[in-house]
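Below: protein_29.cif (mmCIF, C-alpha atoms and all ligand atoms)
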```
data_input
loop_
_atom_site.label_atom_id
_atom_site.label_comp_id
_atom_site.auth_asym_id
_atom_site.auth_seq_id
_atom_site.Cartn_x
_atom_site.Cartn_y
_atom_site.Cartn_z
CA MET A 1447 -14.60 6.71 -1.67
CA GLY A 1448 -15.51 5.36 1.76
CA PHE A 1449 -15.77 6.82 5.25
CA GLY A 1450 -13.38 5.64 7.99
CA THR A 1451 -14.40 5.13 11.61
CA TRP A 1452 -11.27 3.91 13.42
CA GLN A 1453 -10.81 5.86 16.69
CA SER A 1454 -14.32 7.34 16.33
CA GLU A 1455 -15.95 6.41 19.60
CA GLY A 1456 -19.32 6.70 21.32
CA PRO A 1457 -21.45 9.69 20.28
CA ASP A 1458 -18.73 10.84 17.85
CA ALA A 1459 -18.98 7.59 15.89
CA LYS A 1460 -22.75 7.89 15.65
CA SER A 1461 -22.83 11.57 14.71
CA SER A 1462 -19.94 11.40 12.22
CA VAL A 1463 -21.55 8.48 10.37
CA GLU A 1464 -24.89 10.29 10.27
CA THR A 1465 -23.20 13.49 9.01
CA ALA A 1466 -21.20 11.58 6.39
CA ILE A 1467 -24.29 9.85 5.00
CA ASN A 1468 -26.16 13.16 4.87
CA ASP A 1469 -23.19 14.65 2.98
CA GLY A 1470 -23.39 11.91 0.36
CA TYR A 1471 -20.99 9.19 1.55
CA ARG A 1472 -22.46 5.77 0.83
CA HIS A 1473 -19.63 3.51 1.99
CA ILE A 1474 -18.86 3.13 5.71
CA ASP A 1475 -15.80 1.25 6.98
CA THR A 1476 -15.81 -0.23 10.47
CA ALA A 1477 -14.34 -3.29 12.22
CA GLN A 1478 -14.99 -5.51 15.20
CA GLY A 1479 -11.73 -4.18 16.61
CA TYR A 1480 -12.94 -0.55 16.55
CA HIS A 1481 -15.56 -1.39 19.21
CA ASN A 1482 -17.99 0.99 17.55
CA GLU A 1483 -20.19 -1.21 15.35
CA ALA A 1484 -23.26 -0.42 17.52
CA GLU A 1485 -22.61 3.35 17.28
CA VAL A 1486 -21.96 3.09 13.54
CA GLY A 1487 -25.26 1.19 13.24
CA ALA A 1488 -27.01 3.89 15.27
CA GLY A 1489 -25.59 6.59 12.96
CA ILE A 1490 -26.86 4.69 9.92
CA THR A 1491 -30.34 4.38 11.47
CA ALA A 1492 -30.36 8.07 12.44
CA SER A 1493 -29.50 9.09 8.86
CA GLY A 1494 -32.74 7.50 7.64
CA ILE A 1495 -31.02 6.07 4.56
CA ASN A 1496 -32.32 2.91 2.88
CA ARG A 1497 -30.11 -0.03 3.72
CA ASP A 1498 -29.90 -0.95 0.01
CA ASP A 1499 -28.29 2.42 -0.79
CA LEU A 1500 -25.43 1.85 1.63
CA PHE A 1501 -22.17 -0.13 1.43
CA ILE A 1502 -21.06 -1.36 4.87
CA THR A 1503 -17.71 -3.02 5.55
CA THR A 1504 -16.63 -4.74 8.73
CA LYS A 1505 -13.63 -6.89 9.61
CA ILE A 1506 -13.01 -10.07 11.59
CA ASP A 1507 -10.95 -9.14 14.64
CA ASN A 1508 -7.48 -10.51 15.36
CA ASN A 1509 -8.79 -12.52 18.30
CA ASN A 1510 -11.58 -14.13 16.27
CA HIS A 1511 -9.66 -16.13 13.65
CA GLY A 1512 -10.76 -19.71 13.01
CA TYR A 1513 -14.01 -21.18 11.68
CA GLU A 1514 -16.23 -21.06 14.80
CA LEU A 1515 -15.10 -17.68 16.13
CA THR A 1516 -15.47 -16.10 12.70
CA LYS A 1517 -19.06 -17.31 12.39
CA GLU A 1518 -20.01 -16.33 15.95
CA SER A 1519 -18.35 -12.93 15.91
CA PHE A 1520 -19.84 -12.13 12.50
CA GLU A 1521 -23.36 -12.74 13.83
CA GLN A 1522 -22.55 -10.35 16.69
CA SER A 1523 -21.34 -7.75 14.17
CA LEU A 1524 -24.60 -8.00 12.22
CA SER A 1525 -26.59 -7.59 15.41
CA ASP A 1526 -24.51 -4.61 16.59
CA LEU A 1527 -24.72 -2.93 13.18
CA GLY A 1528 -28.47 -3.55 13.06
CA THR A 1529 -28.41 -5.19 9.65
CA ASP A 1530 -28.82 -8.68 8.22
CA TYR A 1531 -25.92 -8.42 5.76
CA VAL A 1532 -22.70 -6.50 5.14
CA ASN A 1533 -21.47 -5.47 1.71
CA LEU A 1534 -17.87 -6.39 2.45
CA LEU A 1535 -16.31 -8.60 5.12
CA LEU A 1536 -12.53 -8.58 5.60
CA ILE A 1537 -9.93 -10.48 7.62
CA HIS A 1538 -8.40 -7.53 9.50
CA TRP A 1539 -4.80 -8.80 9.83
CA PRO A 1540 -3.07 -11.84 8.31
CA ASN A 1541 -0.81 -12.70 11.22
CA PRO A 1542 -2.09 -11.54 14.62
CA ILE A 1543 -0.02 -12.37 17.67
CA LYS A 1544 -2.63 -14.82 19.00
CA PHE A 1545 -2.30 -17.05 15.92
CA ARG A 1546 1.37 -16.44 15.07
CA GLU A 1547 2.31 -20.11 15.38
CA ASN A 1548 -0.34 -21.19 12.86
CA TRP A 1549 -1.38 -18.04 10.99
CA ALA A 1550 -1.78 -19.73 7.61
CA GLU A 1551 -4.06 -22.45 8.95
CA ALA A 1552 -6.05 -19.89 10.99
CA ASN A 1553 -6.53 -17.73 7.89
CA ALA A 1554 -7.64 -20.76 5.86
CA GLU A 1555 -10.29 -21.62 8.48
CA THR A 1556 -11.41 -18.01 8.82
CA TRP A 1557 -11.68 -17.76 5.06
CA HIS A 1558 -13.67 -20.99 4.83
CA ALA A 1559 -16.23 -19.53 7.27
CA MET A 1560 -16.29 -16.28 5.26
CA GLU A 1561 -16.89 -18.20 2.03
CA GLU A 1562 -19.96 -19.77 3.64
CA ILE A 1563 -21.13 -16.35 4.88
CA TYR A 1564 -20.67 -15.06 1.31
CA GLN A 1565 -22.53 -18.00 -0.21
CA ALA A 1566 -25.38 -17.44 2.25
CA GLY A 1567 -25.64 -13.81 1.02
CA LYS A 1568 -24.79 -12.34 4.43
CA ALA A 1569 -21.65 -10.72 3.00
CA LYS A 1570 -21.95 -9.49 -0.59
CA ALA A 1571 -18.18 -9.53 -1.00
CA ILE A 1572 -15.23 -10.90 0.99
CA GLY A 1573 -11.65 -9.80 1.20
CA VAL A 1574 -8.62 -9.17 3.37
CA SER A 1575 -6.69 -6.34 4.96
CA ASN A 1576 -2.97 -5.85 5.61
CA PHE A 1577 -2.21 -8.93 3.49
CA ARG A 1578 1.06 -8.95 1.56
CA PRO A 1579 1.67 -11.22 -1.45
CA LYS A 1580 3.06 -13.98 0.82
CA HIS A 1581 -0.21 -14.07 2.81
CA LEU A 1582 -2.38 -13.87 -0.33
CA LYS A 1583 -0.46 -16.70 -1.99
CA GLU A 1584 -0.84 -18.87 1.10
CA LEU A 1585 -4.59 -18.18 1.23
CA ALA A 1586 -4.95 -19.07 -2.47
CA LYS A 1587 -3.79 -22.64 -1.69
CA THR A 1588 -7.07 -23.47 0.09
CA ALA A 1589 -9.55 -20.77 -1.01
CA SER A 1590 -12.39 -21.58 -3.38
CA VAL A 1591 -13.47 -17.92 -3.61
CA ALA A 1592 -10.67 -15.44 -4.36
CA PRO A 1593 -10.39 -12.30 -2.17
CA MET A 1594 -12.07 -9.34 -3.87
CA VAL A 1595 -10.41 -6.56 -1.85
CA ASP A 1596 -7.17 -5.90 0.04
CA GLN A 1597 -7.38 -2.91 2.39
CA ILE A 1598 -3.86 -1.63 3.12
CA PHE A 1599 -2.04 1.51 4.21
CA LEU A 1600 -1.70 3.69 1.08
CA ALA A 1601 -1.00 7.40 1.42
CA PRO A 1602 1.26 10.08 -0.09
CA GLY A 1603 4.76 8.57 -0.17
CA VAL A 1604 3.45 5.12 0.83
CA LEU A 1605 2.81 2.98 -2.26
CA GLN A 1606 3.57 -0.59 -1.05
CA PRO A 1607 4.55 -1.50 -4.66
CA GLU A 1608 4.82 -5.28 -4.25
CA THR A 1609 1.35 -5.63 -2.74
CA VAL A 1610 -0.16 -3.11 -5.18
CA SER A 1611 1.27 -4.95 -8.22
CA TYR A 1612 0.15 -8.32 -6.92
CA CYS A 1613 -3.41 -7.06 -6.31
CA GLN A 1614 -3.61 -5.32 -9.67
CA GLU A 1615 -2.42 -8.47 -11.45
CA ASN A 1616 -4.93 -10.62 -9.56
CA ASN A 1617 -7.97 -8.37 -9.92
CA ILE A 1618 -8.10 -7.50 -6.20
CA GLN A 1619 -9.46 -3.99 -5.51
CA LEU A 1620 -7.12 -1.94 -3.31
CA GLU A 1621 -8.66 0.12 -0.55
CA ALA A 1622 -6.44 2.87 0.87
CA TYR A 1623 -6.59 3.07 4.65
CA SER A 1624 -5.11 6.02 6.54
CA PRO A 1625 -5.12 8.02 3.27
CA LEU A 1626 -4.22 11.12 5.33
CA GLY A 1627 -1.54 9.28 7.31
CA THR A 1628 -3.85 9.35 10.38
CA GLY A 1629 -3.46 13.14 10.26
CA ASP A 1630 0.32 13.29 9.74
CA ILE A 1631 0.04 14.39 6.10
CA PHE A 1632 -0.92 17.86 7.28
CA LYS A 1633 2.68 18.41 8.44
CA SER A 1634 4.03 18.14 4.88
CA ARG A 1635 5.21 21.43 3.37
CA ASP A 1636 5.49 19.84 -0.07
CA MET A 1637 1.84 18.79 0.09
CA SER A 1638 0.90 22.29 1.14
CA THR A 1639 2.72 23.80 -1.86
CA ILE A 1640 0.97 21.46 -4.30
CA ALA A 1641 -2.44 22.00 -2.67
CA GLN A 1642 -2.14 25.79 -2.93
CA ARG A 1643 -1.52 25.55 -6.66
CA TYR A 1644 -4.82 23.71 -7.17
CA HIS A 1645 -6.70 25.94 -4.67
CA LYS A 1646 -7.51 22.78 -2.74
CA SER A 1647 -6.71 21.56 0.77
CA ILE A 1648 -3.96 19.03 1.57
CA SER A 1649 -6.66 16.51 2.39
CA GLN A 1650 -8.42 16.96 -0.94
CA VAL A 1651 -5.14 16.57 -2.84
CA ALA A 1652 -4.19 13.41 -0.91
CA LEU A 1653 -7.60 11.84 -1.59
CA ARG A 1654 -7.53 12.85 -5.25
CA TRP A 1655 -4.05 11.30 -5.60
CA SER A 1656 -5.42 8.08 -4.12
CA LEU A 1657 -8.37 7.95 -6.52
CA GLN A 1658 -6.14 8.72 -9.53
CA HIS A 1659 -4.02 5.69 -8.57
CA GLY A 1660 -7.17 3.55 -8.72
CA PHE A 1661 -7.29 3.09 -4.94
CA LEU A 1662 -10.44 3.47 -2.87
CA PRO A 1663 -9.60 5.93 -0.08
CA LEU A 1664 -11.26 5.70 3.35
CA PRO A 1665 -10.74 9.07 5.08
CA LYS A 1666 -11.82 9.33 8.72
CA SER A 1667 -13.10 12.47 10.42
CA THR A 1668 -15.40 13.41 13.26
CA ASN A 1669 -15.37 17.10 12.25
CA PRO A 1670 -18.42 18.02 10.10
CA GLN A 1671 -16.43 20.60 8.14
CA HIS A 1672 -13.68 18.09 7.32
CA ILE A 1673 -16.23 15.39 6.45
CA GLN A 1674 -17.78 17.71 3.87
CA GLU A 1675 -14.44 19.06 2.61
CA ASN A 1676 -13.20 15.53 1.92
CA THR A 1677 -16.04 14.94 -0.58
CA ASP A 1678 -15.12 17.93 -2.72
CA ILE A 1679 -12.53 16.17 -4.86
CA PHE A 1680 -14.29 15.50 -8.15
CA ASP A 1681 -13.78 18.88 -9.87
CA PHE A 1682 -10.02 18.81 -10.44
CA GLU A 1683 -7.27 16.53 -11.66
CA LEU A 1684 -3.65 16.28 -10.54
CA ASN A 1685 -1.17 16.38 -13.42
CA LYS A 1686 1.47 13.68 -13.98
CA GLU A 1687 4.29 15.70 -12.45
CA ASP A 1688 2.38 16.34 -9.24
CA MET A 1689 1.25 12.70 -9.04
CA ALA A 1690 4.93 11.69 -9.25
CA LYS A 1691 5.89 14.26 -6.59
CA ILE A 1692 3.18 12.99 -4.22
CA ASP A 1693 4.36 9.40 -4.80
CA LYS A 1694 7.64 10.49 -3.15
CA ILE A 1695 6.35 12.69 -0.31
CA LYS A 1696 8.41 12.05 2.82
CA GLY A 1697 7.24 11.47 6.36
CA LEU A 1698 4.67 8.66 6.38
CA LYS A 1699 6.68 5.59 5.35
CA ASP A 1700 7.78 4.67 8.86
CA LYS A 1701 4.11 4.33 9.84
CA ILE A 1702 3.82 1.07 7.83
CA ALA A 1703 3.20 -1.79 10.28
CA ASP A 1704 4.79 -5.16 9.45
CA PRO A 1705 1.87 -7.62 9.68
CA ASP A 1706 4.21 -10.44 10.74
CA THR A 1707 5.65 -8.64 13.76
CA VAL A 1708 2.81 -6.44 15.08
CA GLU A 1709 2.17 -6.81 18.81
CA PHE A 1710 -1.60 -7.31 18.42
N1 LIG B 1801 -7.60 -2.15 7.96
C1 LIG B 1801 -6.80 -1.56 8.81
O1 LIG B 1801 -5.93 -2.17 9.47
C2 LIG B 1801 -6.95 -0.08 9.01
C3 LIG B 1801 -5.95 0.63 9.70
C4 LIG B 1801 -6.10 2.02 9.84
C5 LIG B 1801 -7.21 2.62 9.29
N2 LIG B 1801 -8.19 1.90 8.65
C6 LIG B 1801 -9.41 2.54 8.08
O2 LIG B 1801 -9.04 3.72 7.37
C7 LIG B 1801 -9.70 4.83 7.96
C8 LIG B 1801 -8.86 6.11 7.85
O3 LIG B 1801 -7.60 5.98 8.43
P1 LIG B 1801 -7.19 6.73 9.77
O4 LIG B 1801 -8.29 6.69 10.71
O5 LIG B 1801 -5.87 6.15 10.16
O6 LIG B 1801 -6.94 8.23 9.40
P2 LIG B 1801 -6.91 9.21 8.12
O7 LIG B 1801 -8.21 9.20 7.42
O8 LIG B 1801 -5.66 8.96 7.35
O9 LIG B 1801 -6.73 10.60 8.92
C9 LIG B 1801 -7.66 10.98 9.90
C10 LIG B 1801 -7.11 12.21 10.59
O10 LIG B 1801 -7.10 13.31 9.70
C11 LIG B 1801 -7.93 14.36 10.22
N3 LIG B 1801 -8.67 14.93 9.10
C12 LIG B 1801 -9.55 14.32 8.27
N4 LIG B 1801 -9.98 15.14 7.31
C13 LIG B 1801 -9.35 16.32 7.53
C14 LIG B 1801 -9.38 17.58 6.87
N5 LIG B 1801 -10.14 17.76 5.79
N6 LIG B 1801 -8.61 18.58 7.37
C15 LIG B 1801 -7.84 18.40 8.46
N7 LIG B 1801 -7.77 17.23 9.14
C16 LIG B 1801 -8.52 16.20 8.67
C17 LIG B 1801 -8.83 13.70 11.22
O11 LIG B 1801 -9.18 14.61 12.25
P3 LIG B 1801 -10.70 15.04 12.50
O12 LIG B 1801 -11.45 13.82 12.92
O13 LIG B 1801 -10.58 16.07 13.58
O14 LIG B 1801 -11.21 15.60 11.21
C18 LIG B 1801 -7.94 12.61 11.79
O15 LIG B 1801 -7.05 13.14 12.76
C19 LIG B 1801 -9.92 4.37 9.41
O16 LIG B 1801 -10.82 5.21 10.09
C20 LIG B 1801 -10.38 2.98 9.19
O17 LIG B 1801 -11.74 2.93 8.76
C21 LIG B 1801 -8.05 0.57 8.49
#
```

Spell out the structure here as structure tokens.
Amino acid sequence: MGFGTWQSEGPDAKSSVETAINDGYRHIDTAQGYHNEAEVGAGITASGINRDDLFITTKIDNNNHGYELTKESFEQSLSDLGTDYVNLLLIHWPNPIKFRENWAEANAETWHAMEEIYQAGKAKAIGVSNFRPKHLKELAKTASVAPMVDQIFLAPGVLQPETVSYCQENNIQLEAYSPLGTGDIFKSRDMSTIAQRYHKSISQVALRWSLQHGFLPLPKSTNPQHIQENTDIFDFELNKEDMAKIDKIKGLKDKIADPDTVEF
């Protein structure tokens, strides 16, 4: 499981990352687009952890596609994070508005730069985010290194079956972003009923469901109690019936953003 940092800003980003590491998280997810890489880096430094014990992910921003911008912006990310390598580097979106006319070519160039970053050991793994099979197939035409990860929106009731099947068939690890529906899962009465039966919180059940699907959930929190609570998910197992019920939970599906029409 990783720790999310989207919408964690300033001192909150620093303190939440420090708290998470002290609570045992070892995987931190940030992005150029979150404008918090420096604060995330400061939180890592404040925790006192050895760099080698940590897994850091960042993502190439929508405005930085293309060979040169990828290379330049990545160096800035390393400097802001205060490290000389990341464990995982992702293309954040396949089809940002700035490159809509030539998204496939822009992804191919971005990927080429990321392959060189990977070969130089400055990213230990490379992957994508918000890519659907159409984008992954297009990338495969020019890639010499296959993407290792696809980070997509996966949460109770949101299974994105086409992308999940494609990734599972092609040995691409799925990371589950917004595993709590950016907070909206807490409105679900059905989740509450299931959680009560296991004597667990809604959050813990949602994260457990994600893990049992083989996803890698990335919950975000700036609340120390929530950060700790979200780690306490390894002492219970959801049964098949409840897994199937959570697959169909209503309320989050309309939060899926279409990567080909987003306005950013
Ligand atoms: N690649 C992408 O395009 C993309 C897109 C979205 C997200 N992500 C990644 O995925 C991470 C998580 O997604 P997300 O930020 O959308 O949100 P999320 O993790 O689905 O939900 C976070 C929300 O849930 C609340 N929360 C967390 N734990 C809780 C608990 N135990 N009890 C009650 N409330 C709790 C948080 O509030 P408090 O802070 O008050 O606890 C916050 O409002 C992001 O931070 C980011 O790293 C990636």

I'd like the contact shell of A:Glu1561 - 8 Å cut-off, all atoms listed in the file, skipping same-chain residues fewer than 2 positions apart - returned as a ChimeraX atom specification. /A:1557-1559,1563-1565,1572,1590-1591

Since we have the selection now, will you write its residues out, keeping C-alpha atoms, as a PDB file, in the frame of the given file?
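part04.pdb was written with the following content:
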```
ATOM      1  CA  TRP A1557     -11.680 -17.760   5.060  1.00  0.00           C
ATOM      2  CA  HIS A1558     -13.670 -20.990   4.830  1.00  0.00           C
ATOM      3  CA  ALA A1559     -16.230 -19.530   7.270  1.00  0.00           C
ATOM      4  CA  ILE A1563     -21.130 -16.350   4.880  1.00  0.00           C
ATOM      5  CA  TYR A1564     -20.670 -15.060   1.310  1.00  0.00           C
ATOM      6  CA  GLN A1565     -22.530 -18.000  -0.210  1.00  0.00           C
ATOM      7  CA  ILE A1572     -15.230 -10.900   0.990  1.00  0.00           C
ATOM      8  CA  SER A1590     -12.390 -21.580  -3.380  1.00  0.00           C
ATOM      9  CA  VAL A1591     -13.470 -17.920  -3.610  1.00  0.00           C
TER      10      VAL A1591
END
```

Ligand LIG 1801 (chain B): which residues are within 6 Å, counting only C-alpha atoms and all ligand atoms, as a list in words? Gly1450, Thr1451, Trp1452, Asp1475, Thr1476, His1538, Ser1575, Gln1597, Tyr1623, Ser1624, Pro1625, Leu1626, Gly1627, Thr1628, Gly1629, Ser1649, Leu1664, Pro1665, Lys1666, Ser1667, Thr1668, Asn1669, His1672, Glu1675 and Asn1676 of chain A

List as number ranges by chain: which residues have an atom within 8 Å of (-28.5, -0.1, 7.8), counting all atoms listed in the file? A: 1487, 1490-1491, 1495-1498, 1500, 1527-1529

So that I can see what lies close to A:Asp1681, please list as an MDAnalysis selection string the residues with an atom at most 12 Å from it, counting all atoms listed in the file and leaving out residues fewer than 5 positions away in the same chain. chainID A and resid 1644:1646 1650:1651 1654

With only C-alpha atoms as the atoms that count, which of A:Glu1562, A:Glu1514, A:Gln1674, A:Asn1509 lies nearest to A:Ile1543? A:Asn1509

For a test of reading the model, state the distance in Å between atom CA of A:Ala1477 and atom CA of A:Ser1647, rounded to one decimal.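 Answer for the atom CA of A:Ala1477 to atom CA of A:Ser1647 separation: 28.4 Å.
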
When you look at A:Asp1636 with a cut-off of 9 Å (counting only C-alpha atoms), what residues show up, excluding the ones that are within fewer than 4 positions of it in the same chain? I need them as a ChimeraX atom specification. /A:1640-1641,1691-1692,1695-1696

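Proximity of A:Tyr1513, A:Phe1632, A:Trp1539, A:Tyr1531 to A:Glu1551, computed with all atoms listed in the file, is greatest for A:Tyr1513.
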
Can you measure atom CA of A:Lys1694 to atom CA of A:Pro1602 for me? One decimal in Å is fine.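 Taking atom CA of A:Lys1694 and atom CA of A:Pro1602, their separation equals 7.1 Å.
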
Polymer residues at most 9 Å from A:Ser1634, only C-alpha atoms, same-chain spacing of 3 or more positions, as a compact mmCIF listing (two decimals) with C-alpha atoms, in the coordinates of the input:
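That gives us result_32.txt:
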```txt
# COMPACT_ATOMS: atom_id res chain seq x y z
CA ASP A 1630 0.32 13.29 9.74
CA ILE A 1631 0.04 14.39 6.10
CA MET A 1637 1.84 18.79 0.09
CA SER A 1638 0.90 22.29 1.14
CA THR A 1639 2.72 23.80 -1.86
CA ILE A 1648 -3.96 19.03 1.57
CA ILE A 1695 6.35 12.69 -0.31
CA LYS A 1696 8.41 12.05 2.82
CA GLY A 1697 7.24 11.47 6.36
```

Using all atoms listed in the file, give me every residue within 6 Å of (-11.3, 1.8, -5.2) in file coordinates, as a list in words.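 Those residues lying close to the given coordinates are Leu1620, Glu1621, Gly1660, Phe1661 and Leu1662 of chain A.
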
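Taking atom CA of A:Thr1503 as the reference point, atom CA of A:Ile1702 is found at 22.0 Å.
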
Point out the residue among A:Asn1541, A:Gln1606, A:Thr1465, A:Gln1619 with the least atom-to-atom distance to A:Asp1507, counting all atoms listed in the file.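 Closest to A:Asp1507, using all atoms listed in the file: A:Asn1541.
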
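Of the listed residues (A:His1511, A:Lys1580, A:Leu1535, A:Ala1552), A:Leu1535 comes nearest to A:Gly1567; the distances count only C-alpha atoms.
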
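Nearest to A:Phe1710 of all the residues A:Asn1508, A:Asn1468, A:Asn1576, A:Asn1482 is A:Asn1508, based on all atoms listed in the file.
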
Let me have the centre and edge lengths in Å, one decimal, of the box along x, y and z around every listed atom of stretch 1543-1561 of chain A with 5 Å of margin on each side, as AutoDock Vina command-line options.
```
--center_x -7.3 --center_y -17.4 --center_z 10.5 --size_x 29.2 --size_y 20.1 --size_z 27.0
```

Residue nearest A:Ala1459 - candidates A:Val1532, A:Ala1484, A:Leu1585, A:Leu1605, atoms counted: all atoms listed in the file: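 Ranking A:Val1532, A:Ala1484, A:Leu1585, A:Leu1605 by distance to A:Ala1459, first place goes to A:Ala1484.
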
How about completing stretch 1570-1578 of chain A with all heavy atoms and giving it to me as a PDB file, in the coordinates of the input?
```pdb
ATOM      1  N   LYS A1570     -21.830  -9.546   0.876  1.00  0.00           N
ATOM      2  CA  LYS A1570     -21.950  -9.490  -0.590  1.00  0.00           C
ATOM      3  C   LYS A1570     -20.590  -9.621  -1.265  1.00  0.00           C
ATOM      4  O   LYS A1570     -20.507  -9.898  -2.458  1.00  0.00           O
ATOM      5  CB  LYS A1570     -22.621  -8.181  -1.025  1.00  0.00           C
ATOM      6  CG  LYS A1570     -23.989  -7.942  -0.391  1.00  0.00           C
ATOM      7  CD  LYS A1570     -25.028  -8.955  -0.842  1.00  0.00           C
ATOM      8  CE  LYS A1570     -26.357  -8.722  -0.147  1.00  0.00           C
ATOM      9  NZ  LYS A1570     -27.239  -9.896  -0.261  1.00  0.00           N
ATOM     10  N   ALA A1571     -19.541  -9.356  -0.493  1.00  0.00           N
ATOM     11  CA  ALA A1571     -18.180  -9.530  -1.000  1.00  0.00           C
ATOM     12  C   ALA A1571     -17.273  -9.857   0.187  1.00  0.00           C
ATOM     13  O   ALA A1571     -17.590  -9.488   1.326  1.00  0.00           O
ATOM     14  CB  ALA A1571     -17.698  -8.255  -1.691  1.00  0.00           C
ATOM     15  N   ILE A1572     -16.178 -10.570  -0.082  1.00  0.00           N
ATOM     16  CA  ILE A1572     -15.230 -10.900   0.990  1.00  0.00           C
ATOM     17  C   ILE A1572     -13.809 -10.555   0.542  1.00  0.00           C
ATOM     18  O   ILE A1572     -13.488 -10.607  -0.642  1.00  0.00           O
ATOM     19  CB  ILE A1572     -15.347 -12.383   1.436  1.00  0.00           C
ATOM     20  CG1 ILE A1572     -15.251 -13.352   0.250  1.00  0.00           C
ATOM     21  CG2 ILE A1572     -16.632 -12.614   2.221  1.00  0.00           C
ATOM     22  CD1 ILE A1572     -15.266 -14.845   0.665  1.00  0.00           C
ATOM     23  N   GLY A1573     -13.008 -10.194   1.521  1.00  0.00           N
ATOM     24  CA  GLY A1573     -11.650  -9.800   1.200  1.00  0.00           C
ATOM     25  C   GLY A1573     -10.760  -9.814   2.426  1.00  0.00           C
ATOM     26  O   GLY A1573     -11.119 -10.407   3.458  1.00  0.00           O
ATOM     27  N   VAL A1574      -9.630  -9.144   2.307  1.00  0.00           N
ATOM     28  CA  VAL A1574      -8.620  -9.170   3.370  1.00  0.00           C
ATOM     29  C   VAL A1574      -8.097  -7.760   3.618  1.00  0.00           C
ATOM     30  O   VAL A1574      -8.416  -6.831   2.868  1.00  0.00           O
ATOM     31  CB  VAL A1574      -7.451 -10.118   2.974  1.00  0.00           C
ATOM     32  CG1 VAL A1574      -7.933 -11.554   2.838  1.00  0.00           C
ATOM     33  CG2 VAL A1574      -6.766  -9.649   1.682  1.00  0.00           C
ATOM     34  N   SER A1575      -7.296  -7.631   4.654  1.00  0.00           N
ATOM     35  CA  SER A1575      -6.690  -6.340   4.960  1.00  0.00           C
ATOM     36  C   SER A1575      -5.284  -6.594   5.506  1.00  0.00           C
ATOM     37  O   SER A1575      -5.079  -7.573   6.239  1.00  0.00           O
ATOM     38  CB  SER A1575      -7.546  -5.611   5.999  1.00  0.00           C
ATOM     39  OG  SER A1575      -6.977  -4.364   6.313  1.00  0.00           O
ATOM     40  N   ASN A1576      -4.372  -5.738   5.152  1.00  0.00           N
ATOM     41  CA  ASN A1576      -2.970  -5.850   5.610  1.00  0.00           C
ATOM     42  C   ASN A1576      -2.283  -7.105   5.095  1.00  0.00           C
ATOM     43  O   ASN A1576      -1.247  -7.504   5.636  1.00  0.00           O
ATOM     44  CB  ASN A1576      -2.893  -5.787   7.133  1.00  0.00           C
ATOM     45  CG  ASN A1576      -3.344  -4.447   7.675  1.00  0.00           C
ATOM     46  OD1 ASN A1576      -2.695  -3.438   7.429  1.00  0.00           O
ATOM     47  ND2 ASN A1576      -4.469  -4.420   8.384  1.00  0.00           N
ATOM     48  N   PHE A1577      -2.847  -7.733   4.069  1.00  0.00           N
ATOM     49  CA  PHE A1577      -2.210  -8.930   3.490  1.00  0.00           C
ATOM     50  C   PHE A1577      -1.153  -8.490   2.492  1.00  0.00           C
ATOM     51  O   PHE A1577      -1.391  -7.608   1.661  1.00  0.00           O
ATOM     52  CB  PHE A1577      -3.242  -9.821   2.791  1.00  0.00           C
ATOM     53  CG  PHE A1577      -3.953 -10.803   3.699  1.00  0.00           C
ATOM     54  CD1 PHE A1577      -4.519 -10.391   4.899  1.00  0.00           C
ATOM     55  CD2 PHE A1577      -4.065 -12.147   3.344  1.00  0.00           C
ATOM     56  CE1 PHE A1577      -5.183 -11.292   5.738  1.00  0.00           C
ATOM     57  CE2 PHE A1577      -4.727 -13.057   4.173  1.00  0.00           C
ATOM     58  CZ  PHE A1577      -5.283 -12.640   5.361  1.00  0.00           C
ATOM     59  N   ARG A1578       0.005  -9.131   2.561  1.00  0.00           N
ATOM     60  CA  ARG A1578       1.060  -8.950   1.560  1.00  0.00           C
ATOM     61  C   ARG A1578       1.012 -10.159   0.624  1.00  0.00           C
ATOM     62  O   ARG A1578       0.324 -11.137   0.920  1.00  0.00           O
ATOM     63  CB  ARG A1578       2.410  -8.832   2.272  1.00  0.00           C
ATOM     64  CG  ARG A1578       2.473  -7.524   3.050  1.00  0.00           C
ATOM     65  CD  ARG A1578       3.780  -7.295   3.756  1.00  0.00           C
ATOM     66  NE  ARG A1578       3.792  -5.941   4.324  1.00  0.00           N
ATOM     67  CZ  ARG A1578       4.763  -5.454   5.072  1.00  0.00           C
ATOM     68  NH1 ARG A1578       5.824  -6.188   5.370  1.00  0.00           N
ATOM     69  NH2 ARG A1578       4.689  -4.218   5.534  1.00  0.00           N
TER      70      ARG A1578
END
```
